[in-house]
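Chemist: Next up is a structure, given as structure tokens.
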Amino acid sequence: MNNRDLILVGTIQKHFGLKGAVKVSFEAFFLDFTDNVSVLFVEERGNKIPYFVEKFELRFDGTGIVKLEDVNVKEEAMLLNGKSIYVDANNYEGIKEAQDDEDYYGELVGLNAILLDAQNLKLGKITGIEYLPEHECAKLKYNNIEIMLPLHDDILDSYDDDNAYFNLNEDYLSIYFDDTDEERDDND
């Protein structure tokens, strides 16, 4: 196996329970390939580390509850929160074609989100993609609050090796922040 054969299929959202399981958000194209998942590669410090899968449960919302071998307590699972996961494409016939057929946004994970209409405001690194029934969204943390940026053709302008550029202004961010503190200051 070669690192070029590894393809991004999801992100570990958070630990699940007390016995070392994790909740995983999968790329939409991978959902048809989850029947025989035996090894997941977790990106840690730039390396892709293999973990054998002890138990795998796909949920109705496209997430999975995964118990990895040698991850046996909540504290060990917590160390994997937010990590990207990969599979060896050689073990899944047709997966590369399925990936190519999707509107594939997984390559945005790890890029800096930049708001073009806000004087190129850098929000932070994209940590995952959320596949909602209506559309896909890029997830990231800005000022310690998780925000989601819609991935519509008219909003996602472009991306390069480091950044993803969004046609949004700062007003969009106001839906995530409570203005009551500012209102109180104005009334004093």
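Ligands are numbered from 1 in the order shown, chains are lettered A, B, ... in the order of the structure tokens, and residues start at 1 in each chain.
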Based on the backbone DSSP call, show me all residues of region 117-173 of chain A assigned strand (DSSP E or B), as a ChimeraX atom specification.
Modeler: /A:121-131,136-142,145-150,156-159,163-166
Chemist: Dump N, CA and C atoms for the selected residues as a short mmCIF file (atom, residue, chain, number, x, y, z; two decimals), in the first residue's frame?
Modeler:
data_model
loop_
_atom_site.label_atom_id
_atom_site.label_comp_id
_atom_site.auth_asym_id
_atom_site.auth_seq_id
_atom_site.Cartn_x
_atom_site.Cartn_y
_atom_site.Cartn_z
N LEU A 121 -11.20 38.27 5.12
CA LEU A 121 -11.17 37.85 6.52
C LEU A 121 -10.88 36.36 6.59
N LYS A 122 -9.82 36.00 7.31
CA LYS A 122 -9.46 34.59 7.50
C LYS A 122 -10.20 34.07 8.73
N LEU A 123 -11.06 33.08 8.51
CA LEU A 123 -11.86 32.55 9.61
C LEU A 123 -11.16 31.44 10.37
N GLY A 124 -10.42 30.59 9.68
CA GLY A 124 -9.77 29.45 10.31
C GLY A 124 -9.80 28.26 9.37
N LYS A 125 -9.28 27.14 9.85
CA LYS A 125 -9.19 25.94 9.02
C LYS A 125 -10.52 25.20 8.98
N ILE A 126 -10.86 24.73 7.79
CA ILE A 126 -12.05 23.90 7.61
C ILE A 126 -11.77 22.54 8.23
N THR A 127 -12.62 22.12 9.16
CA THR A 127 -12.40 20.88 9.91
C THR A 127 -13.21 19.71 9.39
N GLY A 128 -14.22 19.99 8.58
CA GLY A 128 -15.03 18.90 8.06
C GLY A 128 -16.08 19.41 7.10
N ILE A 129 -16.76 18.46 6.46
CA ILE A 129 -17.85 18.77 5.55
C ILE A 129 -19.10 18.10 6.11
N GLU A 130 -20.16 18.87 6.19
CA GLU A 130 -21.45 18.35 6.67
C GLU A 130 -22.36 18.19 5.46
N TYR A 131 -22.84 16.97 5.26
CA TYR A 131 -23.75 16.69 4.15
C TYR A 131 -25.17 16.74 4.67
N GLU A 136 -24.44 20.93 1.06
CA GLU A 136 -23.27 20.63 1.86
C GLU A 136 -22.75 21.93 2.49
N CYS A 137 -22.10 21.79 3.64
CA CYS A 137 -21.51 22.94 4.33
C CYS A 137 -20.11 22.60 4.82
N ALA A 138 -19.23 23.59 4.78
CA ALA A 138 -17.90 23.45 5.37
C ALA A 138 -18.01 23.85 6.84
N LYS A 139 -17.41 23.03 7.72
CA LYS A 139 -17.44 23.32 9.16
C LYS A 139 -16.08 23.84 9.59
N LEU A 140 -16.11 24.81 10.51
CA LEU A 140 -14.88 25.33 11.09
C LEU A 140 -15.21 26.03 12.38
N LYS A 141 -14.17 26.32 13.16
CA LYS A 141 -14.35 27.08 14.40
C LYS A 141 -13.81 28.49 14.18
N TYR A 142 -14.64 29.46 14.59
CA TYR A 142 -14.26 30.86 14.52
C TYR A 142 -14.63 31.47 15.87
N ILE A 145 -16.50 29.17 18.22
CA ILE A 145 -17.87 28.77 17.88
C ILE A 145 -17.82 28.05 16.54
N GLU A 146 -18.47 26.87 16.49
CA GLU A 146 -18.51 26.15 15.22
C GLU A 146 -19.49 26.84 14.28
N ILE A 147 -18.99 27.16 13.10
CA ILE A 147 -19.85 27.76 12.08
C ILE A 147 -19.82 26.88 10.84
N MET A 148 -20.83 27.08 10.00
CA MET A 148 -20.92 26.32 8.77
C MET A 148 -21.08 27.28 7.60
N LEU A 149 -20.28 27.05 6.57
CA LEU A 149 -20.34 27.88 5.36
C LEU A 149 -20.94 27.05 4.23
N PRO A 150 -22.00 27.54 3.59
CA PRO A 150 -22.64 26.78 2.52
C PRO A 150 -21.68 26.58 1.34
N LEU A 156 -18.98 29.39 -2.83
CA LEU A 156 -17.59 28.93 -2.87
C LEU A 156 -16.99 29.43 -4.17
N ASP A 157 -16.17 30.46 -4.08
CA ASP A 157 -15.61 31.11 -5.27
C ASP A 157 -14.53 30.24 -5.91
N SER A 158 -13.56 29.82 -5.09
CA SER A 158 -12.43 29.04 -5.60
C SER A 158 -11.63 28.53 -4.42
N TYR A 159 -10.63 27.69 -4.72
CA TYR A 159 -9.71 27.25 -3.68
C TYR A 159 -8.38 26.90 -4.32
N ASN A 163 -6.01 27.81 0.71
CA ASN A 163 -7.20 28.57 1.09
C ASN A 163 -8.43 28.20 0.25
N ALA A 164 -9.59 28.35 0.87
CA ALA A 164 -10.87 28.27 0.18
C ALA A 164 -11.51 29.64 0.31
N TYR A 165 -11.96 30.21 -0.82
CA TYR A 165 -12.47 31.57 -0.85
C TYR A 165 -13.99 31.57 -1.01
N PHE A 166 -14.67 32.26 -0.09
CA PHE A 166 -16.12 32.29 -0.06
C PHE A 166 -16.64 33.70 -0.34
#
Chemist: At what distance in Å, to one decimal, does CA of Asn47 (chain A) lie from CA of Lys67 (chain A)?
Modeler: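 Taking CA of Lys67 (chain A) and CA of Asn47 (chain A), their separation equals 20.5 Å.
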Chemist: From the set A:Phe33, A:Asp160, A:Tyr105, A:Asp100, which residue has the shortest atom-to-atom contact distance to Leu58 (chain A), counting only C-alpha atoms?
Modeler: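 When distances to Leu58 (chain A) are compared using only C-alpha atoms, the smallest one comes from A:Phe33.
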Chemist: Each residue of region 12-54 of chain A lying at most 7 Å from region 84-97 of chain A should get a row with its shortest atom-to-atom pair and the distance in Å to one decimal, counting only C-alpha atoms; could you produce that, ordered by chain and increasing number, as a tab-separated table?
Modeler:
residue	atom	partner	partner_atom	distance
A:Ile12	CA	A:Ser84	CA	6.4
A:Phe33	CA	A:Tyr92	CA	7.0
A:Leu40	CA	A:Val87	CA	5.5
A:Phe41	CA	A:Tyr86	CA	4.9
A:Val42	CA	A:Ile85	CA	4.6
A:Glu43	CA	A:Ser84	CA	5.5
Chemist: Keeping C-alpha atoms for every residue in the selection just given, could you write it to a file as a CSV table (one decimal), in the first residue's frame?
Modeler:
chain,number,residue,atom,x,y,z
A,12,ILE,CA,-13.9,11.7,13.5
A,33,PHE,CA,-18.8,1.2,0.7
A,40,LEU,CA,-9.3,3.0,8.9
A,41,PHE,CA,-6.3,5.2,8.6
A,42,VAL,CA,-6.3,8.2,11.0
A,43,GLU,CA,-4.1,11.2,10.2
Chemist: Which residue is closest to Tyr51 (chain A)? Choose from A:Glu69, A:Glu134, A:Asp35, A:Glu76 and count only C-alpha atoms.
Modeler: A:Glu69
Chemist: Which neighbours of Val22 (chain A) fall inside 6 Å, counting only C-alpha atoms, when residues of the same chain fewer than 4 positions from it are skipped, and could you give them as an mmCIF file with C-alpha atoms, in the first residue's frame?
Modeler:
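So around_38.cif came out as:
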data_model
loop_
_atom_site.group_PDB
_atom_site.id
_atom_site.type_symbol
_atom_site.label_atom_id
_atom_site.label_comp_id
_atom_site.auth_asym_id
_atom_site.auth_seq_id
_atom_site.Cartn_x
_atom_site.Cartn_y
_atom_site.Cartn_z
ATOM 1 C CA LYS A 14 -15.941 13.121 18.724
ATOM 2 C CA HIS A 15 -15.663 10.276 21.177
ATOM 3 C CA PHE A 16 -18.792 8.220 21.814
ATOM 4 C CA ILE A 65 -20.201 4.706 15.443
ATOM 5 C CA VAL A 66 -16.837 2.981 15.211
#
Chemist: Pick from A:Leu115, A:Leu31, A:His135, A:Asn167: nearest to Gly64 (chain A), with only C-alpha atoms counted?
Modeler: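 Among A:Leu115, A:Leu31, A:His135, A:Asn167, it is A:Leu31 that comes nearest to Gly64 (chain A).
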Chemist: Could you jot down the CA of Gly110 (chain A) to CA of Val9 (chain A) separation for me, Å, one decimal place?
Modeler: 13.9 Å
Chemist: May I have the residues within 8 Å of Phe29 (chain A) as a PyMOL selection string, using only C-alpha atoms and disregarding those fewer than 3 positions away in the same chain?
Modeler: chain A and resi 32+95+98-99+102
